[in-house]
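S.K.: What follows is a structure written as structure tokens; I'll ask about it next.
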Number of protein chains: 2
Amino acid sequence: MAMEENKIRAANWFSALRDEIVAAFEKLEDTQGSGPFASQPAGRFELRETERDGGKGGGGLMSVMRGGRVFEKVGVNISSVHGQLGERAQMAMASRPGMAGMAEDPSFWASGISLVAHMQNPQTPAVHMNTRMFWTPHGWWFGGGADLNPCLEYTEDTASFHDALKARCDLHDAGYYPRFKEWADRYFYIPHRKRARGVGGIFYDDLNTGDWEADFAFTQDVGRAFLEAFLPVTEKRRNDGWSDADKEAQLVHRGLYAEYNLVYDRGTKFGLETGHDPDAVLMSLPPLAKWI
Amino acid sequence: MAMEENKIRAANWFSALRDEIVAAFEKLEDTQGSGPFASQPAGRFELRETERDGGKGGGGLMSVMRGGRVFEKVGVNISSVHGQLGERAQMAMASRPGMAGMAEDPSFWASGISLVAHMQNPQTPAVHMNTRMFWTPHGWWFGGGADLNPCLEYTEDTASFHDALKARCDLHDAGYYPRFKEWADRYFYIPHRKRARGVGGIFYDDLNTGDWEADFAFTQDVGRAFLEAFLPVTEKRRNDGWSDADKEAQLVHRGLYAEYNLVYDRGTKFGLETGHDPDAVLMSLPPLAKWI
């Protein structure tokens with residue numbers, strides 16, 4: 001029963017974090033009172049409930065803001081889904097340490113938040129954040145991460161983004177930031193382009209230290225760290241000017257981002273293969289992208 | 001020795017077909033003397049030689065026209081590559097009938113032509129064509145196809161495109177068109193969107209009737225049929241007007257096309273996994289695409 005309560009607490013946290021992020025992003029829109037795009041209306045999120053497997057497998061809430069003053073397109077999805085894993089996912093999971101039982105009982109429950117922001121001003125960086133709890137009868141774990149994807153790179157912005165993530169990681173385990181930063185460097189890499197998709201961040205998966213409370217507290221702090229890392233960079237850059245070449249660089253960089261998500265991203269593959277709403281799964285794709 | 005000569009004849013044909021297509025497309029640019037985009041210079045192909053595995057595994061010629069009067073971006077690639085298949089491709093191939101020998105000797109040679117056109121005018125359809133010959137010590141085969149991808153669909157254009165393909169197919173085998181049309185319907189389908197990517201065409205693979213001359217002649221005719229099917233539709237529509245909503249529909253349709261190519265297309269996966277030049281492999285991606 002304790003775990004049933006934990007699932008509810010996790011799902012409630014992802015929902016509360018969504019509310020906090022949505023409020024912070026709409027405030028960014030409201031405070032863009034001068035500077036680029038100030039003459040157009042402040043952007044607002046549109047909400048839509050999503051379903052998995054016609055609602056029988058759970059669902060979620062998709063929130064998308066389009067054509068704002070600061071955000072060209074940003075999506076914040078939460079979902080809580082459950083059911084039986086398909087054969088492929090089941091086999092993959094059964095091969096993990098301690099998870100052989102998945103071969104007999106492939107039940108799962110998962111809850112999480114996922115966010116991707118594509119910005120109006122090429123001086124402000126695109127960003128991604130995701131955290132989730134996964135549960136099966138054979139074990140539970142947390143995973144997630146956040147990474148910054150500027151098309152114009154500023155060393156000091158990269159440093160401040162990483163510093164904010166590190167500060168929250170260090171509250172839990174001095175080994176977390178170095179390990180999860182390196183994991184992000186490996187994970188957010190585009191092999192066919194032989195380059196990183198952005199300037200990194202942190203990534204973690206299969207986190208189960210045996211102490212659910214501690215791992216949940218860390219996952220909550222990753223969500224808090226995201227806002228602390230992203231908001232200052234955006235506030236600092238959002239009134240800077242840009243050239244046509246900068247806008248072009250942004251559109252081409254978004255093409256790279258789309259390549260990564262469609263070819264490599266685990267969450268995208270999982271979503272498309274398990275029959276989740278394609279618009280929610282592909283919410284991460286850019287509003288406009290270019291391949292030259 | 002006969003097969004060595006056949007390889008050369010196949011590679012020479014793909015090269016000659018490239019020349020014919022390039023000439024026909026530049027002629028379309030030259031004859032766009034009035035109507036949309038007539039005031040800008042006629043588009044011309046830029047050529048670049050490509051390499052696989054630093055040139056040790058063969059290479060090709062990539063031809064791309066950008067920002068023309070009729071074509072917003074069109075790529076025509078030819079390549080002849082050879083070497084040893086990687087473990088994954090080797091296993092997949094060894095499991096085919098008669099191909100068990102691939103497990104011992106994974107040598108391969110392949111030559112082909114690949115074309116994707118994204119158009120300026122949303123009234124004219126995007127199009128794809130590809131034909132190739134594949135050889136291993138254990139067998140050879142031809143494959144390819146062509147399909148039409150209009151964002152604004154006209155029943156009569158779809159019919160005339162299919163009629164031209166059928167006419168050439170019927171010269172070889174009355175069963176080819178129905179079989180290869182149905183194969184295209186299955187192959188050019190986007191499962192997560194539950195829709196076709198366009199209005200179809202033909203697709204074939206593993207074609208080896210035991211008569212190399214006949215199968216080569218058919219593959220040549222697929223190339224000829226492509227021009228006969230595509231040019232009239234483009235000439236008919238290229239001066240038609242369009243609305244902002246039509247242009248928007250074109251950009252969104254291109255997003256779908258990019259999804260298909262990055263998530264499902266076999267040639268794209270093969271190219272990225274075997275280390276071919278990523279710009280040549282991803283030449284098919286649209287110049288500009290939108291996800292709403």
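Every chain in the structure tokens has a letter given in the order shown (A, B, ...), and although residue numbers restart at 1 in each chain, ligands are simply numbered from 1 in the order shown.
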As a PyMOL selection string, list the residues of segment 64-251 of chain B assigned to alpha helix (DSSP H) by DSSP on the backbone atoms of this structure.
M.R.: chain B and resi 87-94+155-170+176-187+212-237+244-251
S.K.: Take chain B, superimpose it onto chain A by least squares using every C-alpha atom paired in sequence order, and output the result as a short mmCIF file (atom, residue, chain, number, x, y, z; two decimals) with C-alpha atoms, in the first residue's frame.
M.R.:
data_model
loop_
_atom_site.label_atom_id
_atom_site.label_comp_id
_atom_site.auth_asym_id
_atom_site.auth_seq_id
_atom_site.Cartn_x
_atom_site.Cartn_y
_atom_site.Cartn_z
CA MET B 1 -0.03 0.01 0.03
CA ALA B 2 2.89 2.34 0.74
CA MET B 3 3.89 2.12 -2.94
CA GLU B 4 0.34 2.98 -4.04
CA GLU B 5 0.63 6.17 -1.98
CA ASN B 6 4.07 6.84 -3.44
CA LYS B 7 2.71 6.60 -6.98
CA ILE B 8 0.04 9.16 -6.12
CA ARG B 9 2.61 11.47 -4.54
CA ALA B 10 4.85 11.21 -7.61
CA ALA B 11 2.00 11.90 -10.04
CA ASN B 12 0.84 14.83 -7.90
CA TRP B 13 4.38 16.27 -7.90
CA PHE B 14 4.68 16.12 -11.71
CA SER B 15 1.33 17.90 -11.91
CA ALA B 16 2.37 20.58 -9.40
CA LEU B 17 5.69 21.09 -11.21
CA ARG B 18 3.74 21.53 -14.46
CA ASP B 19 1.63 24.25 -12.83
CA GLU B 20 4.73 26.03 -11.55
CA ILE B 21 6.48 25.90 -14.94
CA VAL B 22 3.37 27.03 -16.83
CA ALA B 23 3.00 30.00 -14.44
CA ALA B 24 6.70 30.91 -14.77
CA PHE B 25 6.60 30.73 -18.58
CA GLU B 26 3.41 32.82 -18.83
CA LYS B 27 5.05 35.36 -16.52
CA LEU B 28 8.00 35.55 -18.96
CA GLU B 29 5.45 36.31 -21.69
CA ASP B 30 3.77 39.00 -19.54
CA THR B 31 7.02 40.72 -18.66
CA GLN B 32 8.21 40.94 -22.28
CA GLY B 33 6.79 44.47 -22.21
CA SER B 34 9.39 45.98 -24.53
CA GLY B 35 11.94 44.49 -26.91
CA PRO B 36 11.36 41.90 -29.62
CA PHE B 37 7.78 40.66 -30.17
CA ALA B 38 6.45 42.93 -27.38
CA SER B 39 3.78 44.27 -29.72
CA GLN B 40 2.06 40.91 -30.05
CA PRO B 41 -0.15 39.40 -27.32
CA ALA B 42 1.50 37.56 -24.45
CA GLY B 43 1.45 33.82 -25.19
CA ARG B 44 -0.85 31.51 -23.27
CA PHE B 45 -0.88 27.72 -22.93
CA GLU B 46 -3.66 25.76 -24.59
CA LEU B 47 -4.59 22.57 -22.76
CA ARG B 48 -5.75 19.24 -24.12
CA GLU B 49 -6.33 15.97 -22.33
CA THR B 50 -4.61 13.00 -23.98
CA GLU B 51 -5.41 9.31 -23.86
CA ARG B 52 -3.42 6.11 -24.19
CA ASP B 53 -5.22 3.12 -25.66
CA GLY B 54 -8.56 4.97 -25.81
CA GLY B 55 -8.30 5.99 -22.15
CA LYS B 56 -8.06 2.40 -20.87
CA GLY B 57 -4.29 2.81 -20.39
CA GLY B 58 -4.36 6.16 -18.64
CA GLY B 59 -3.70 9.55 -20.13
CA GLY B 60 -2.37 12.96 -19.50
CA LEU B 61 -2.52 16.67 -20.03
CA MET B 62 -0.76 18.34 -22.95
CA SER B 63 -0.10 22.07 -22.63
CA VAL B 64 1.22 23.94 -25.64
CA MET B 65 1.95 27.64 -26.12
CA ARG B 66 2.43 28.76 -29.72
CA GLY B 67 3.59 32.07 -31.18
CA GLY B 68 4.28 33.85 -27.91
CA ARG B 69 6.64 36.79 -27.35
CA VAL B 70 9.42 34.68 -25.83
CA PHE B 71 8.38 31.15 -26.79
CA GLU B 72 7.74 30.28 -30.43
CA LYS B 73 6.47 26.87 -29.32
CA VAL B 74 6.70 25.20 -25.94
CA GLY B 75 5.02 22.02 -24.80
CA VAL B 76 4.70 20.76 -21.24
CA ASN B 77 3.17 17.27 -21.02
CA ILE B 78 2.29 15.26 -17.97
CA SER B 79 0.95 11.73 -18.13
CA SER B 80 0.22 8.74 -15.92
CA VAL B 81 -0.11 5.53 -17.90
CA HIS B 82 -0.44 1.88 -17.05
CA GLY B 83 -1.08 -1.50 -18.66
CA GLN B 84 0.91 -4.40 -20.05
CA LEU B 85 4.15 -3.76 -21.90
CA GLY B 86 4.32 -4.91 -25.51
CA GLU B 87 6.53 -7.89 -26.35
CA ARG B 88 9.57 -5.85 -27.39
CA ALA B 89 9.61 -3.55 -24.35
CA GLN B 90 8.88 -6.56 -22.12
CA MET B 91 11.88 -8.53 -23.45
CA ALA B 92 14.17 -5.52 -23.11
CA MET B 93 13.06 -4.95 -19.52
CA ALA B 94 13.23 -8.63 -18.53
CA SER B 95 16.93 -8.67 -19.48
CA ARG B 96 17.76 -6.04 -16.79
CA PRO B 97 19.21 -7.11 -13.42
CA GLY B 98 16.47 -8.27 -11.05
CA MET B 99 13.73 -7.82 -13.68
CA ALA B 100 13.41 -11.39 -15.01
CA GLY B 101 9.87 -11.44 -13.59
CA MET B 102 8.77 -9.11 -16.42
CA ALA B 103 8.71 -12.18 -18.66
CA GLU B 104 5.76 -13.52 -16.61
CA ASP B 105 3.99 -10.31 -15.55
CA PRO B 106 4.59 -7.35 -17.87
CA SER B 107 2.40 -4.92 -15.89
CA PHE B 108 3.70 -1.37 -15.67
CA TRP B 109 2.78 2.07 -14.39
CA ALA B 110 4.60 5.26 -15.32
CA SER B 111 4.12 8.91 -14.56
CA GLY B 112 6.16 11.86 -15.64
CA ILE B 113 6.57 15.34 -17.01
CA SER B 114 8.21 16.25 -20.31
CA LEU B 115 9.03 19.70 -21.64
CA VAL B 116 10.57 21.11 -24.81
CA ALA B 117 10.80 24.84 -25.58
CA HIS B 118 11.64 26.39 -28.96
CA MET B 119 12.28 30.12 -28.65
CA GLN B 120 11.45 33.17 -30.78
CA ASN B 121 14.78 34.94 -30.25
CA PRO B 122 17.76 32.91 -31.55
CA GLN B 123 19.78 34.46 -28.70
CA THR B 124 17.73 32.44 -26.18
CA PRO B 125 18.39 28.71 -26.03
CA ALA B 126 15.96 25.89 -26.74
CA VAL B 127 15.66 23.58 -23.75
CA HIS B 128 14.44 20.14 -22.75
CA MET B 129 13.49 18.70 -19.35
CA ASN B 130 11.90 15.41 -18.41
CA THR B 131 11.48 13.47 -15.16
CA ARG B 132 9.50 10.31 -14.52
CA MET B 133 8.79 7.45 -12.14
CA PHE B 134 8.45 3.93 -13.55
CA TRP B 135 6.91 1.07 -11.60
CA THR B 136 6.54 -2.66 -12.28
CA PRO B 137 5.67 -5.51 -9.86
CA HIS B 138 9.40 -6.32 -9.94
CA GLY B 139 10.83 -2.92 -9.14
CA TRP B 140 10.57 0.86 -9.49
CA TRP B 141 12.95 3.62 -10.60
CA PHE B 142 13.21 7.29 -11.43
CA GLY B 143 14.77 8.88 -14.48
CA GLY B 144 15.04 12.20 -16.21
CA GLY B 145 17.26 15.09 -17.07
CA ALA B 146 17.55 18.52 -18.62
CA ASP B 147 19.73 19.85 -21.42
CA LEU B 148 20.32 23.20 -23.06
CA ASN B 149 20.19 23.57 -26.86
CA PRO B 150 21.37 27.03 -27.93
CA CYS B 151 21.95 27.72 -31.62
CA LEU B 152 24.30 30.55 -30.58
CA GLU B 153 26.51 29.29 -27.79
CA TYR B 154 27.70 31.51 -24.92
CA THR B 155 30.25 29.92 -22.58
CA GLU B 156 28.91 31.83 -19.57
CA ASP B 157 25.31 30.68 -20.20
CA THR B 158 26.42 27.07 -20.49
CA ALA B 159 28.35 27.45 -17.22
CA SER B 160 25.45 29.04 -15.32
CA PHE B 161 23.00 26.37 -16.59
CA HIS B 162 25.32 23.58 -15.44
CA ASP B 163 26.07 25.34 -12.12
CA ALA B 164 22.37 25.49 -11.24
CA LEU B 165 21.91 21.77 -12.00
CA LYS B 166 25.06 20.89 -10.03
CA ALA B 167 23.94 22.88 -6.97
CA ARG B 168 20.73 20.82 -6.65
CA CYS B 169 22.52 17.52 -7.44
CA ASP B 170 25.11 18.23 -4.71
CA LEU B 171 22.34 18.45 -2.09
CA HIS B 172 21.80 14.71 -2.62
CA ASP B 173 25.09 13.08 -3.61
CA ALA B 174 28.39 14.65 -4.63
CA GLY B 175 28.75 11.92 -7.25
CA TYR B 176 25.45 12.68 -9.01
CA TYR B 177 26.40 15.74 -11.05
CA PRO B 178 29.63 14.36 -12.59
CA ARG B 179 27.97 11.02 -13.33
CA PHE B 180 24.75 12.46 -14.75
CA LYS B 181 26.53 15.19 -16.71
CA GLU B 182 28.70 12.56 -18.40
CA TRP B 183 25.58 10.45 -19.06
CA ALA B 184 23.94 13.45 -20.75
CA ASP B 185 27.05 13.96 -22.92
CA ARG B 186 26.71 10.37 -24.11
CA TYR B 187 22.91 10.39 -24.41
CA PHE B 188 22.34 13.73 -26.19
CA TYR B 189 24.81 12.90 -28.96
CA ILE B 190 23.97 12.58 -32.68
CA PRO B 191 26.20 9.76 -34.00
CA HIS B 192 25.56 10.35 -37.70
CA ARG B 193 26.50 14.04 -37.32
CA LYS B 194 29.37 13.21 -34.95
CA ARG B 195 28.31 16.07 -32.65
CA ALA B 196 26.37 16.85 -29.48
CA ARG B 197 22.86 18.18 -30.05
CA GLY B 198 23.46 21.03 -27.58
CA VAL B 199 25.70 21.99 -24.66
CA GLY B 200 24.51 19.19 -22.38
CA GLY B 201 23.07 19.10 -18.89
CA ILE B 202 22.24 16.01 -16.85
CA PHE B 203 20.60 12.67 -17.66
CA TYR B 204 19.81 9.76 -15.34
CA ASP B 205 17.78 6.55 -15.53
CA ASP B 206 17.17 3.41 -13.46
CA LEU B 207 17.67 5.44 -10.26
CA ASN B 208 16.76 3.18 -7.34
CA THR B 209 19.09 3.52 -4.35
CA GLY B 210 16.70 1.42 -2.27
CA ASP B 211 15.40 4.60 -0.63
CA TRP B 212 12.27 5.77 -2.48
CA GLU B 213 11.97 8.96 -0.42
CA ALA B 214 15.52 10.02 -1.25
CA ASP B 215 15.20 9.23 -4.96
CA PHE B 216 11.85 11.04 -5.15
CA ALA B 217 13.34 14.07 -3.38
CA PHE B 218 16.19 14.13 -5.90
CA THR B 219 13.78 13.90 -8.83
CA GLN B 220 11.78 16.80 -7.38
CA ASP B 221 14.98 18.83 -7.15
CA VAL B 222 15.81 18.16 -10.81
CA GLY B 223 12.49 19.84 -11.65
CA ARG B 224 13.30 22.80 -9.39
CA ALA B 225 16.84 23.02 -10.76
CA PHE B 226 15.48 23.21 -14.31
CA LEU B 227 13.67 26.49 -13.58
CA GLU B 228 16.67 27.87 -11.67
CA ALA B 229 18.96 26.97 -14.58
CA PHE B 230 16.78 28.06 -17.49
CA LEU B 231 14.95 31.22 -16.40
CA PRO B 232 18.03 33.43 -15.74
CA VAL B 233 19.60 32.61 -19.14
CA THR B 234 16.35 33.43 -20.92
CA GLU B 235 15.78 36.66 -18.98
CA LYS B 236 19.32 37.78 -19.73
CA ARG B 237 19.18 37.18 -23.50
CA ARG B 238 15.58 37.79 -24.51
CA ASN B 239 16.05 41.44 -25.51
CA ASP B 240 19.28 40.94 -27.45
CA GLY B 241 19.22 41.60 -31.17
CA TRP B 242 19.95 39.03 -33.85
CA SER B 243 20.80 38.86 -37.56
CA ASP B 244 19.18 36.95 -40.41
CA ALA B 245 22.14 34.58 -40.21
CA ASP B 246 21.32 33.95 -36.51
CA LYS B 247 17.69 33.11 -37.38
CA GLU B 248 18.92 30.79 -40.15
CA ALA B 249 21.29 29.11 -37.67
CA GLN B 250 18.33 28.62 -35.32
CA LEU B 251 16.20 26.93 -38.01
CA VAL B 252 19.06 24.63 -39.06
CA HIS B 253 19.80 23.79 -35.41
CA ARG B 254 16.13 22.85 -34.99
CA GLY B 255 16.50 20.46 -37.93
CA LEU B 256 19.27 18.70 -35.96
CA TYR B 257 17.00 18.61 -32.92
CA ALA B 258 14.22 16.97 -34.97
CA GLU B 259 16.71 14.42 -36.36
CA TYR B 260 17.81 13.51 -32.85
CA ASN B 261 14.28 13.12 -31.53
CA LEU B 262 12.97 11.08 -34.46
CA VAL B 263 16.03 8.82 -34.88
CA TYR B 264 17.35 8.31 -31.33
CA ASP B 265 15.17 9.64 -28.48
CA ARG B 266 13.99 6.79 -26.22
CA GLY B 267 10.86 8.57 -24.99
CA THR B 268 9.75 9.31 -28.55
CA LYS B 269 10.28 5.69 -29.62
CA PHE B 270 8.49 4.38 -26.49
CA GLY B 271 5.56 6.73 -27.09
CA LEU B 272 5.15 5.93 -30.79
CA GLU B 273 5.50 2.17 -30.24
CA THR B 274 3.06 1.99 -27.30
CA GLY B 275 0.34 3.87 -29.15
CA HIS B 276 0.24 7.12 -27.18
CA ASP B 277 -1.30 10.18 -28.87
CA PRO B 278 1.21 11.06 -31.67
CA ASP B 279 0.65 14.81 -31.23
CA ALA B 280 1.61 14.53 -27.55
CA VAL B 281 4.63 12.32 -28.28
CA LEU B 282 5.82 14.64 -31.07
CA MET B 283 5.05 17.86 -29.19
CA SER B 284 8.85 18.23 -28.98
CA LEU B 285 9.22 18.86 -32.71
CA PRO B 286 10.07 22.43 -33.73
CA PRO B 287 7.49 24.89 -35.06
CA LEU B 288 9.71 25.55 -38.08
CA ALA B 289 12.95 23.82 -39.10
CA LYS B 290 15.31 23.92 -42.02
CA TRP B 291 17.57 21.47 -43.80
CA ILE B 292 19.97 23.12 -46.25
#
S.K.: So which bits of segment 21-108 of chain B end up strand (DSSP E) when you DSSP the backbone, as JSON, numbers by chain?
M.R.: {"B": [46, 47, 48, 49, 50, 51, 58, 59, 60, 61, 62, 63, 64, 65, 66, 71, 72, 73, 74, 75, 76, 77, 78, 79, 80, 81, 82, 83, 84, 107, 108]}
